[in-house]
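Enquirer: Below is the file work.txt, with compact mmCIF, C-alpha atoms and all ligand atoms.
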```
# COMPACT_ATOMS: atom_id res chain seq x y z
CA MET Z 1 17.29 -27.49 -6.76
CA LYS Z 2 16.50 -25.34 -9.79
CA PHE Z 3 13.80 -27.83 -10.73
CA SER Z 4 12.06 -27.61 -7.35
CA VAL Z 5 12.14 -23.81 -7.42
CA ALA Z 6 10.49 -23.96 -10.85
CA LEU Z 7 7.93 -26.42 -9.53
CA LEU Z 8 7.14 -24.16 -6.58
CA ALA Z 9 6.64 -21.27 -9.00
CA VAL Z 10 4.21 -23.35 -11.07
CA LEU Z 11 2.31 -24.39 -7.92
CA ALA Z 12 2.14 -20.77 -6.75
CA VAL Z 13 0.72 -19.68 -10.10
CA SER Z 14 -1.88 -22.44 -10.23
CA SER Z 15 -3.02 -21.85 -6.65
CA SER Z 16 -3.34 -18.12 -7.32
CA LEU Z 17 -5.41 -18.95 -10.40
CA SER Z 18 -7.82 -21.18 -8.50
CA ALA Z 19 -8.08 -18.54 -5.79
CA ALA Z 20 -8.89 -15.95 -8.43
CA VAL Z 21 -12.64 -16.57 -8.32
CA SER Z 22 -13.86 -13.77 -6.11
CA VAL Z 23 -17.12 -13.76 -4.19
CA LYS Z 24 -18.70 -10.59 -2.84
CA ARG Z 25 -21.85 -10.31 -0.80
CA SER Z 26 -24.07 -7.23 -0.89
CA ASP Z 27 -27.67 -6.23 -0.19
CA PHE Z 28 -30.39 -6.78 -2.79
CA GLY Z 29 -33.24 -5.24 -0.82
CA LYS Z 30 -35.85 -6.35 1.67
CA MET Z 31 -38.97 -8.43 1.21
CA PRO Z 32 -42.26 -6.84 2.41
CA ASP Z 33 -42.02 -8.95 5.60
CA GLY Z 34 -38.59 -7.45 6.33
CA GLN Z 35 -36.40 -10.39 5.27
CA ALA Z 36 -33.11 -9.16 3.83
CA VAL Z 37 -32.14 -10.54 0.44
CA SER Z 38 -28.45 -10.87 -0.38
CA LEU Z 39 -26.70 -10.72 -3.72
CA PHE Z 40 -23.54 -12.75 -4.33
CA THR Z 41 -21.33 -11.54 -7.17
CA VAL Z 42 -18.95 -14.25 -8.31
CA THR Z 43 -16.22 -13.34 -10.81
CA ASN Z 44 -13.37 -15.32 -12.33
CA ALA Z 45 -10.04 -14.15 -13.75
CA LYS Z 46 -11.46 -14.24 -17.29
CA GLY Z 47 -14.05 -11.67 -16.31
CA MET Z 48 -17.00 -14.01 -16.36
CA GLU Z 49 -19.44 -12.90 -13.68
CA ALA Z 50 -22.45 -14.63 -12.11
CA ARG Z 51 -24.80 -12.71 -9.83
CA ILE Z 52 -27.01 -14.83 -7.62
CA ILE Z 53 -29.58 -13.74 -5.02
CA THR Z 54 -30.90 -15.56 -1.99
CA TYR Z 55 -34.51 -14.92 -3.10
CA GLY Z 56 -35.41 -17.95 -5.21
CA GLY Z 57 -31.73 -18.78 -5.64
CA VAL Z 58 -32.08 -16.72 -8.82
CA VAL Z 59 -29.19 -16.24 -11.23
CA VAL Z 60 -29.97 -12.58 -11.90
CA SER Z 61 -27.20 -12.03 -14.43
CA LEU Z 62 -24.47 -14.03 -16.09
CA LYS Z 63 -21.88 -12.19 -18.12
CA THR Z 64 -19.80 -14.21 -20.56
CA PRO Z 65 -17.32 -13.17 -23.26
CA ASP Z 66 -17.98 -13.37 -26.99
CA ARG Z 67 -15.28 -14.38 -29.48
CA LYS Z 68 -13.73 -10.90 -29.22
CA GLY Z 69 -13.79 -10.97 -25.42
CA ALA Z 70 -16.74 -8.58 -25.06
CA LEU Z 71 -19.01 -9.45 -22.15
CA ALA Z 72 -22.80 -9.65 -22.42
CA ASP Z 73 -25.46 -10.69 -19.95
CA VAL Z 74 -26.92 -13.92 -21.37
CA VAL Z 75 -29.85 -14.48 -18.99
CA LEU Z 76 -33.23 -12.81 -18.63
CA GLY Z 77 -34.14 -11.24 -15.32
CA HIS Z 78 -35.37 -8.16 -13.54
CA ASP Z 79 -33.57 -5.04 -12.33
CA ASP Z 80 -34.54 -5.38 -8.69
CA LEU Z 81 -36.17 -7.52 -6.02
CA ALA Z 82 -39.57 -5.89 -6.54
CA GLY Z 83 -39.43 -7.08 -10.17
CA TYR Z 84 -38.80 -10.68 -9.13
CA MET Z 85 -41.44 -10.61 -6.41
CA ALA Z 86 -44.11 -9.15 -8.71
CA ASP Z 87 -43.40 -11.75 -11.43
CA GLY Z 88 -45.74 -14.66 -10.83
CA GLY Z 89 -45.09 -16.83 -13.83
CA THR Z 90 -41.75 -16.63 -15.65
CA TYR Z 91 -39.46 -18.20 -13.02
CA PHE Z 92 -36.54 -16.18 -14.53
CA GLY Z 93 -33.27 -17.78 -13.36
CA ALA Z 94 -34.80 -19.41 -10.28
CA LEU Z 95 -34.24 -22.67 -8.47
CA ILE Z 96 -37.33 -24.82 -8.94
CA GLY Z 97 -38.61 -27.31 -6.37
CA ARG Z 98 -39.73 -29.52 -4.89
CA TYR Z 99 -40.89 -30.70 -8.27
CA ALA Z 100 -39.76 -28.88 -11.41
CA ASN Z 101 -42.26 -29.16 -14.27
CA ARG Z 102 -45.73 -30.66 -13.99
CA ILE Z 103 -47.43 -33.30 -11.88
CA GLY Z 104 -50.63 -34.44 -13.62
CA LYS Z 105 -53.98 -33.65 -11.95
CA ALA Z 106 -51.93 -32.10 -9.12
CA GLN Z 107 -51.66 -35.31 -7.15
CA PHE Z 108 -49.57 -38.41 -6.72
CA THR Z 109 -49.70 -41.58 -4.65
CA LEU Z 110 -46.68 -42.78 -2.71
CA ASP Z 111 -46.65 -45.93 -0.54
CA GLY Z 112 -50.45 -46.11 -0.86
CA LYS Z 113 -51.11 -42.54 0.29
CA THR Z 114 -52.38 -39.85 -2.08
CA TYR Z 115 -50.96 -36.35 -1.79
CA LYS Z 116 -52.85 -33.35 -3.21
CA LEU Z 117 -50.81 -30.46 -4.56
CA PRO Z 118 -51.74 -26.88 -5.50
CA VAL Z 119 -53.51 -26.75 -8.88
CA ASN Z 120 -51.70 -23.88 -10.60
CA ASN Z 121 -51.41 -24.82 -14.28
CA GLY Z 122 -54.61 -26.02 -15.96
CA PRO Z 123 -55.59 -29.08 -13.93
CA ASN Z 124 -51.95 -29.75 -13.01
CA SER Z 125 -49.34 -28.64 -10.50
CA LEU Z 126 -46.35 -26.75 -11.93
CA HIS Z 127 -42.91 -25.98 -10.48
CA GLY Z 128 -43.57 -26.93 -6.86
CA GLY Z 129 -46.90 -25.14 -6.37
CA ASN Z 130 -47.92 -21.60 -5.50
CA GLU Z 131 -45.02 -20.90 -3.16
CA GLY Z 132 -42.31 -23.08 -4.67
CA PHE Z 133 -38.61 -22.84 -3.85
CA ASP Z 134 -38.38 -19.98 -6.37
CA LYS Z 135 -40.39 -17.77 -4.01
CA ARG Z 136 -38.40 -18.46 -0.83
CA ASN Z 137 -35.56 -16.48 0.59
CA TRP Z 138 -32.79 -19.06 1.00
CA ALA Z 139 -30.04 -18.81 3.62
CA GLY Z 140 -26.83 -17.93 1.78
CA ARG Z 141 -23.14 -18.07 2.59
CA GLU Z 142 -19.96 -17.64 0.63
CA VAL Z 143 -18.00 -20.77 -0.23
CA PRO Z 144 -14.77 -20.98 -2.26
CA GLY Z 145 -15.71 -20.01 -5.82
CA GLY Z 146 -19.37 -19.33 -5.15
CA VAL Z 147 -22.36 -19.43 -2.87
CA GLU Z 148 -24.12 -22.10 -0.85
CA LEU Z 149 -27.89 -21.70 -0.47
CA SER Z 150 -29.93 -23.67 2.07
CA LEU Z 151 -33.64 -24.07 2.55
CA PHE Z 152 -35.86 -25.96 4.97
CA SER Z 153 -39.10 -27.12 3.40
CA LYS Z 154 -41.38 -28.41 6.13
CA ASP Z 155 -43.54 -31.52 6.10
CA GLY Z 156 -46.68 -30.67 4.09
CA ASP Z 157 -45.06 -27.70 2.33
CA GLU Z 158 -47.19 -27.12 -0.82
CA GLY Z 159 -48.71 -30.56 -0.18
CA TYR Z 160 -45.45 -32.54 -0.31
CA PRO Z 161 -44.67 -34.95 2.53
CA GLY Z 162 -41.54 -34.93 4.68
CA ASN Z 163 -39.33 -32.28 6.21
CA LEU Z 164 -36.85 -31.60 3.43
CA LYS Z 165 -33.43 -30.04 3.94
CA VAL Z 166 -32.13 -28.64 0.67
CA VAL Z 167 -28.67 -27.29 -0.13
CA VAL Z 168 -27.74 -25.87 -3.53
CA THR Z 169 -24.23 -24.67 -4.32
CA TYR Z 170 -23.42 -22.46 -7.27
CA THR Z 171 -19.72 -22.22 -8.12
CA LEU Z 172 -17.93 -20.56 -10.99
CA THR Z 173 -14.76 -22.17 -12.32
CA GLU Z 174 -11.74 -20.59 -13.93
CA ASP Z 175 -12.69 -22.23 -17.23
CA ASN Z 176 -16.09 -20.50 -17.41
CA ARG Z 177 -18.36 -23.17 -16.01
CA LEU Z 178 -21.27 -22.42 -13.73
CA HIS Z 179 -21.54 -25.54 -11.62
CA ILE Z 180 -24.79 -26.24 -9.71
CA HIS Z 181 -24.84 -28.96 -7.07
CA TYR Z 182 -28.17 -29.87 -5.46
CA THR Z 183 -28.63 -32.05 -2.37
CA ALA Z 184 -31.69 -32.84 -0.27
CA THR Z 185 -32.60 -35.17 2.57
CA THR Z 186 -35.99 -36.01 4.03
CA ASP Z 187 -37.50 -37.60 7.14
CA LYS Z 188 -40.48 -39.15 5.26
CA PRO Z 189 -40.73 -40.60 1.75
CA THR Z 190 -41.32 -37.78 -0.74
CA VAL Z 191 -40.61 -36.81 -4.36
CA VAL Z 192 -37.88 -34.37 -5.41
CA ASN Z 193 -37.01 -33.02 -8.84
CA MET Z 194 -35.11 -29.75 -8.89
CA SER Z 195 -33.90 -27.53 -11.69
CA ASN Z 196 -32.64 -24.09 -12.57
CA HIS Z 197 -34.92 -21.99 -14.76
CA SER Z 198 -32.47 -19.68 -16.53
CA TYR Z 199 -33.63 -18.20 -19.83
CA TRP Z 200 -30.70 -18.05 -22.25
CA ASN Z 201 -30.03 -15.59 -25.02
CA LEU Z 202 -26.37 -15.91 -26.00
CA LYS Z 203 -26.53 -12.75 -28.11
CA GLY Z 204 -27.69 -10.85 -25.04
CA ASP Z 205 -30.37 -9.23 -27.18
CA GLY Z 206 -32.90 -9.91 -29.95
CA ASP Z 207 -34.45 -13.36 -30.28
CA ILE Z 208 -33.19 -16.93 -30.11
CA LEU Z 209 -34.65 -18.30 -33.36
CA GLY Z 210 -31.20 -18.28 -35.03
CA HIS Z 211 -29.29 -19.89 -32.15
CA VAL Z 212 -28.07 -23.36 -33.10
CA LEU Z 213 -29.19 -26.12 -30.77
CA THR Z 214 -28.19 -29.74 -30.32
CA ILE Z 215 -30.04 -31.99 -27.85
CA ASN Z 216 -28.42 -35.30 -27.05
CA ALA Z 217 -31.64 -37.31 -27.13
CA ASP Z 218 -33.13 -39.97 -29.39
CA LYS Z 219 -36.50 -39.68 -27.65
CA TYR Z 220 -38.87 -37.00 -26.42
CA SER Z 221 -42.20 -37.12 -24.59
CA PRO Z 222 -45.33 -36.28 -26.63
CA VAL Z 223 -47.75 -34.42 -24.36
CA ASP Z 224 -51.45 -33.68 -23.94
CA ALA Z 225 -52.87 -30.15 -24.11
CA GLY Z 226 -51.83 -29.59 -20.49
CA LEU Z 227 -48.24 -30.65 -21.29
CA ILE Z 228 -48.43 -33.94 -19.40
CA PRO Z 229 -46.61 -36.81 -21.18
CA LEU Z 230 -49.06 -39.10 -22.96
CA GLY Z 231 -47.18 -42.31 -22.35
CA GLU Z 232 -43.80 -43.71 -23.21
CA PRO Z 233 -41.19 -41.42 -24.81
CA GLN Z 234 -41.16 -41.65 -28.61
CA PRO Z 235 -38.33 -41.44 -31.19
CA VAL Z 236 -37.47 -37.93 -32.36
CA ALA Z 237 -36.46 -39.27 -35.79
CA GLY Z 238 -38.54 -37.67 -38.56
CA THR Z 239 -40.14 -35.09 -36.22
CA PRO Z 240 -39.47 -31.39 -35.51
CA PHE Z 241 -38.15 -32.61 -32.16
CA ASP Z 242 -35.01 -34.11 -33.70
CA PHE Z 243 -32.13 -31.91 -32.49
CA ARG Z 244 -29.50 -34.63 -32.68
CA LYS Z 245 -27.78 -32.56 -35.38
CA PRO Z 246 -27.27 -28.82 -34.80
CA THR Z 247 -30.50 -27.05 -35.85
CA THR Z 248 -32.03 -23.65 -35.17
CA PRO Z 249 -35.17 -23.55 -33.00
CA GLY Z 250 -36.67 -21.31 -35.72
CA ALA Z 251 -36.33 -23.91 -38.49
CA ARG Z 252 -39.25 -26.13 -37.47
CA ILE Z 253 -41.01 -24.28 -34.66
CA ASN Z 254 -44.23 -23.97 -36.68
CA GLN Z 255 -44.24 -27.69 -37.49
CA ALA Z 256 -43.79 -28.39 -33.78
CA ASN Z 257 -46.88 -26.27 -33.17
CA ASP Z 258 -48.91 -27.99 -35.88
CA GLN Z 259 -48.05 -31.45 -34.74
CA LEU Z 260 -49.19 -30.90 -31.19
CA LYS Z 261 -51.82 -28.23 -31.90
CA LEU Z 262 -50.49 -26.15 -29.04
CA GLY Z 263 -49.81 -23.15 -31.25
CA LYS Z 264 -47.00 -21.90 -29.05
CA GLY Z 265 -43.62 -23.46 -29.84
CA TYR Z 266 -41.31 -25.88 -28.05
CA ASP Z 267 -42.18 -26.75 -24.45
CA HIS Z 268 -41.26 -30.40 -24.33
CA ASN Z 269 -39.17 -32.90 -22.48
CA TRP Z 270 -36.38 -34.87 -24.11
CA VAL Z 271 -35.11 -38.13 -22.59
CA LEU Z 272 -31.34 -37.86 -22.74
CA ASN Z 273 -29.05 -40.46 -24.27
CA ARG Z 274 -26.95 -41.55 -21.33
CA THR Z 275 -24.04 -43.94 -21.07
CA GLY Z 276 -23.33 -43.77 -17.32
CA THR Z 277 -24.24 -41.94 -14.14
CA GLY Z 278 -21.89 -38.93 -14.28
CA LEU Z 279 -22.03 -35.60 -16.05
CA GLU Z 280 -22.83 -36.01 -19.75
CA MET Z 281 -23.75 -33.49 -22.40
CA ALA Z 282 -27.48 -32.81 -22.55
CA ALA Z 283 -27.48 -29.91 -24.98
CA ARG Z 284 -25.25 -27.50 -26.84
CA LEU Z 285 -26.30 -24.01 -27.87
CA GLU Z 286 -24.30 -21.82 -30.24
CA GLU Z 287 -24.94 -18.23 -31.24
CA PRO Z 288 -23.26 -17.64 -34.60
CA THR Z 289 -22.86 -13.84 -34.53
CA SER Z 290 -21.23 -13.55 -31.08
CA GLY Z 291 -19.59 -16.98 -31.20
CA ARG Z 292 -20.83 -17.75 -27.68
CA VAL Z 293 -21.36 -21.43 -26.94
CA LEU Z 294 -23.20 -22.95 -23.99
CA GLU Z 295 -22.94 -26.66 -23.26
CA VAL Z 296 -25.26 -28.11 -20.66
CA TYR Z 297 -23.83 -31.08 -18.79
CA THR Z 298 -25.86 -33.03 -16.27
CA ASP Z 299 -26.36 -36.32 -14.48
CA GLN Z 300 -30.15 -35.95 -14.85
CA PRO Z 301 -32.21 -38.16 -17.20
CA ALA Z 302 -34.08 -35.44 -19.11
CA VAL Z 303 -34.17 -31.82 -20.24
CA GLN Z 304 -37.09 -29.46 -20.85
CA PHE Z 305 -36.53 -27.22 -23.88
CA TYR Z 306 -38.85 -24.22 -23.73
CA THR Z 307 -38.96 -21.33 -26.22
CA GLY Z 308 -40.51 -18.73 -23.90
CA ASN Z 309 -43.96 -19.47 -25.34
CA PHE Z 310 -45.86 -17.75 -22.54
CA LEU Z 311 -43.82 -14.53 -22.62
CA ASP Z 312 -46.21 -12.10 -24.25
CA GLY Z 313 -44.54 -8.75 -23.64
CA SER Z 314 -46.54 -8.07 -20.49
CA VAL Z 315 -43.59 -8.89 -18.24
CA LYS Z 316 -40.83 -6.30 -18.43
CA GLY Z 317 -37.27 -7.48 -17.95
CA LYS Z 318 -34.02 -5.65 -17.25
CA GLY Z 319 -34.11 -2.00 -18.30
CA GLY Z 320 -37.92 -2.16 -18.55
CA LYS Z 321 -37.77 -4.09 -21.86
CA PRO Z 322 -40.87 -6.15 -22.71
CA MET Z 323 -40.07 -9.86 -22.74
CA ASN Z 324 -41.55 -11.54 -25.81
CA GLN Z 325 -42.09 -15.15 -26.87
CA ARG Z 326 -38.71 -15.81 -28.49
CA THR Z 327 -36.54 -13.51 -26.38
CA ALA Z 328 -34.81 -16.47 -24.77
CA LEU Z 329 -34.95 -20.22 -24.33
CA CYS Z 330 -34.70 -22.56 -21.36
CA LEU Z 331 -32.84 -25.85 -21.07
CA GLU Z 332 -34.01 -27.20 -17.73
CA THR Z 333 -32.26 -30.39 -16.61
CA GLN Z 334 -34.60 -32.61 -14.61
CA HIS Z 335 -36.64 -35.81 -14.47
CA SER Z 336 -39.53 -36.09 -16.92
CA PRO Z 337 -42.81 -34.36 -16.06
CA ASP Z 338 -45.33 -36.37 -14.06
CA SER Z 339 -42.77 -39.04 -13.10
CA PRO Z 340 -44.49 -39.64 -9.71
CA ASN Z 341 -47.51 -40.92 -11.69
CA LYS Z 342 -45.52 -42.81 -14.34
CA PRO Z 343 -44.22 -46.07 -12.86
CA THR Z 344 -42.04 -46.82 -15.91
CA TYR Z 345 -40.13 -43.51 -15.69
CA PRO Z 346 -36.95 -43.17 -13.58
CA SER Z 347 -38.03 -42.68 -9.97
CA THR Z 348 -38.13 -39.27 -8.29
CA VAL Z 349 -38.84 -40.76 -4.85
CA LEU Z 350 -36.52 -39.75 -2.02
CA ARG Z 351 -36.59 -41.83 1.16
CA PRO Z 352 -35.17 -41.13 4.62
CA GLY Z 353 -31.53 -42.20 4.74
CA SER Z 354 -30.93 -41.45 1.04
CA VAL Z 355 -29.56 -38.23 -0.39
CA TYR Z 356 -30.91 -36.48 -3.47
CA ASP Z 357 -27.62 -35.48 -5.07
CA THR Z 358 -27.39 -34.08 -8.55
CA THR Z 359 -25.20 -31.74 -10.58
CA THR Z 360 -25.70 -29.63 -13.67
CA GLU Z 361 -23.00 -27.54 -15.29
CA PHE Z 362 -23.39 -24.69 -17.77
CA ARG Z 363 -20.10 -24.59 -19.69
CA PHE Z 364 -19.31 -21.47 -21.71
CA SER Z 365 -16.84 -21.12 -24.55
CA VAL Z 366 -16.58 -19.40 -27.94
CA LYS Z 367 -16.41 -20.66 -31.48
C1 LIG Z 401 -42.61 -24.88 -18.51
C2 LIG Z 401 -43.47 -23.90 -19.26
C3 LIG Z 401 -43.73 -22.74 -18.35
C4 LIG Z 401 -42.41 -22.15 -17.95
C5 LIG Z 401 -42.57 -20.98 -17.02
C6 LIG Z 401 -41.33 -24.21 -18.15
O1 LIG Z 401 -40.54 -25.08 -17.41
O2 LIG Z 401 -42.38 -26.05 -19.25
O3 LIG Z 401 -44.67 -24.48 -19.66
O4 LIG Z 401 -44.53 -21.79 -18.97
O5 LIG Z 401 -41.63 -23.12 -17.34
O6 LIG Z 401 -43.45 -21.29 -16.05
```
Just give me the structure of the file as structure tokens.
Expert:
Amino acid sequence: MKFSVALLAVLAVSSSLSAAVSVKRSDFGKMPDGQAVSLFTVTNAKGMEARIITYGGVVVSLKTPDRKGALADVVLGHDDLAGYMADGGTYFGALIGRYANRIGKAQFTLDGKTYKLPVNNGPNSLHGGNEGFDKRNWAGREVPGGVELSLFSKDGDEGYPGNLKVVVTYTLTEDNRLHIHYTATTDKPTVVNMSNHSYWNLKGDGDILGHVLTINADKYSPVDAGLIPLGEPQPVAGTPFDFRKPTTPGARINQANDQLKLGKGYDHNWVLNRTGTGLEMAARLEEPTSGRVLEVYTDQPAVQFYTGNFLDGSVKGKGGKPMNQRTALCLETQHSPDSPNKPTYPSTVLRPGSVYDTTTEFRFSVK
């Protein structure tokens, strides 16, 4: 009898813990066409807080504790909706689709038919075109521990075939994980490759050159001047792209520039070492002064590591601060760029009757 009372007490405590992730909906303003944008504030018992808006599915802020328990916002963003709407090119915190990253020459051929996409990055198409999923106001509703966002992308949207129904769920766990689950279905063959474009700075300030990064990849994709992969992925061994052992982005960023003559920094795609089909570690980022650690887990085959190369101070972030080149870095889980035109790469084709179903988790801890 005593035992079962104790057991009930344990169950009561654990259920109250799992119910301790709170979700609050509030207004985040109106788009010029009158659409209301909602903000979902998701908080766990440890005080970690994610704020997500329906516009672009953007993670507008993410507060995580340092080793002393002090919270800092570790993502770049804007103060208000007008800031996000005026920002054409950073994709701060947004959901990217239908195709994250680039499709070469802004076209691809599927089942013998060629589809032309918006040319918005050199000769290529970047991040789903001119009005990608980052610029849509998604339908949002609270779910236990987070928010479910849905979007209907009609046949021909930004040149992509098929009516696509997309659902993305962000949930926060009690152990400080931001879990992102993406699903999509189509009524015609199409290509899908989604990602989240958060810019991380685990110090919450300054630059990211002294963060310590590990990428779980033996290979990366050398690219042309337009950042389209040149061919098959190549070994990272002996190159500035070898992050298999913890290394700061700052240590070899100039060599990375020299090698590819891009003069900007890291903006490359690593092909992840994978052993199965579930969540596996793609990257680990540590910030030595705060002790914050971010581990990126995914079921996706690749990750884009980007050092904010195109931030030139002209875009102002939260508090009106100019956002500069090394203010933050991105670790975007995805398929490799230009996969629809690279028959040897893992396929990004989605056919009617199949479900695009993928998960990425940002796991926070301290060291
Ligand atoms: C791309 C960069 C681009 C950035 C913002 C990244 O995913 O790789 O080249 O500048 O997104 O658009």
Enquirer: Go through chain Z residue by residue and, counting only C-alpha atoms and all ligand atoms, keep those with an atom at most 9 Å from ligand LIG 401 (chain Z); for each kept residue give the shortest atom pair and its distance in Å to one decimal, ordered by chain and increasing number, as a Markdown table.
Expert:
```
| residue | atom | partner | partner_atom | distance |
| --- | --- | --- | --- | --- |
| Z:Gly88 | CA | Z:LIG401 | O6 | 8.7 |
| Z:Gly89 | CA | Z:LIG401 | O6 | 5.2 |
| Z:Thr90 | CA | Z:LIG401 | C5 | 4.6 |
| Z:Tyr91 | CA | Z:LIG401 | C5 | 5.8 |
| Z:Phe92 | CA | Z:LIG401 | C5 | 8.1 |
| Z:Ala100 | CA | Z:LIG401 | O1 | 7.1 |
| Z:Asn101 | CA | Z:LIG401 | O1 | 5.4 |
| Z:Arg102 | CA | Z:LIG401 | O2 | 7.8 |
| Z:Asn121 | CA | Z:LIG401 | O3 | 8.6 |
| Z:Leu126 | CA | Z:LIG401 | O6 | 7.4 |
| Z:His127 | CA | Z:LIG401 | O6 | 7.3 |
| Z:His197 | CA | Z:LIG401 | O1 | 6.9 |
| Z:Gly226 | CA | Z:LIG401 | O3 | 8.8 |
| Z:Leu227 | CA | Z:LIG401 | O3 | 7.3 |
| Z:Tyr266 | CA | Z:LIG401 | O2 | 8.9 |
| Z:Asp267 | CA | Z:LIG401 | O2 | 5.3 |
| Z:His268 | CA | Z:LIG401 | O2 | 6.8 |
| Z:Asn269 | CA | Z:LIG401 | O2 | 8.2 |
| Z:Gln304 | CA | Z:LIG401 | O2 | 6.5 |
| Z:Phe305 | CA | Z:LIG401 | O2 | 7.6 |
| Z:Tyr306 | CA | Z:LIG401 | O2 | 6.0 |
| Z:Thr307 | CA | Z:LIG401 | C2 | 8.7 |
| Z:Gly308 | CA | Z:LIG401 | O4 | 7.1 |
| Z:Asn309 | CA | Z:LIG401 | O4 | 6.8 |
| Z:Phe310 | CA | Z:LIG401 | O4 | 5.6 |
| Z:Leu311 | CA | Z:LIG401 | O4 | 8.2 |
| Z:Cys330 | CA | Z:LIG401 | O1 | 7.5 |
| Z:Leu331 | CA | Z:LIG401 | O1 | 8.6 |
| Z:Glu332 | CA | Z:LIG401 | O1 | 6.9 |
| Z:Pro337 | CA | Z:LIG401 | O2 | 8.9 |
```
Enquirer: For Z:Asp134, which residue among Z:Pro249, Z:Gly57, Z:Pro240, Z:Gly146 is the nearest when counting only C-alpha atoms?
Expert: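 Counting only C-alpha atoms, the residue closest to Z:Asp134 is Z:Gly57.
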Enquirer: Work out how far apart atom CA of Z:Glu158 and atom CA of Z:Asp27 are and give it in Å to one decimal.
Expert: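 Computing the Euclidean distance for atom CA of Z:Glu158 and atom CA of Z:Asp27 yields 28.6 Å.
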Enquirer: Smallest atom-to-atom distance to Z:Ala237: which of Z:Lys188, Z:Asp33, Z:Val59, Z:Lys219, using all atoms listed in the file?
Expert: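 When distances to Z:Ala237 are compared using all atoms listed in the file, the smallest one comes from Z:Lys219.
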Enquirer: Please list as a PyMOL selection string every residue within 12 Å of Z:Tyr182, counting all atoms listed in the file and excluding residues in the same chain fewer than 5 positions away.
Expert: chain Z and resi 57+95-98+148-151+165-171+192-196+298-300+333-334+355-361
Enquirer: For the contact check between stretch 66-131 of chain Z and stretch 339-343 of chain Z, emit one row per residue of stretch 66-131 of chain Z within 12 Å, containing the shortest atom pair and the distance in Å rounded to one decimal, counting all atoms listed in the file, chain then rising number order, as CSV.
Expert:
```
residue,atom,partner,partner_atom,distance
Z:Tyr99,CA,Z:Pro340,CA,9.7
Z:Ala100,CA,Z:Ser339,CA,10.7
Z:Asn101,CA,Z:Ser339,CA,10.0
Z:Arg102,CA,Z:Ser339,CA,8.9
Z:Ile103,CA,Z:Pro340,CA,7.3
Z:Gly104,CA,Z:Asn341,CA,7.4
Z:Lys105,CA,Z:Asn341,CA,9.7
Z:Ala106,CA,Z:Asn341,CA,10.2
Z:Gln107,CA,Z:Asn341,CA,8.3
Z:Phe108,CA,Z:Asn341,CA,5.9
Z:Thr109,CA,Z:Asn341,CA,7.4
Z:Leu110,CA,Z:Pro340,CA,8.0
Z:Asp111,CA,Z:Pro340,CA,11.3
Z:Thr114,CA,Z:Asn341,CA,10.8
Z:Tyr115,CA,Z:Pro340,CA,10.7
```
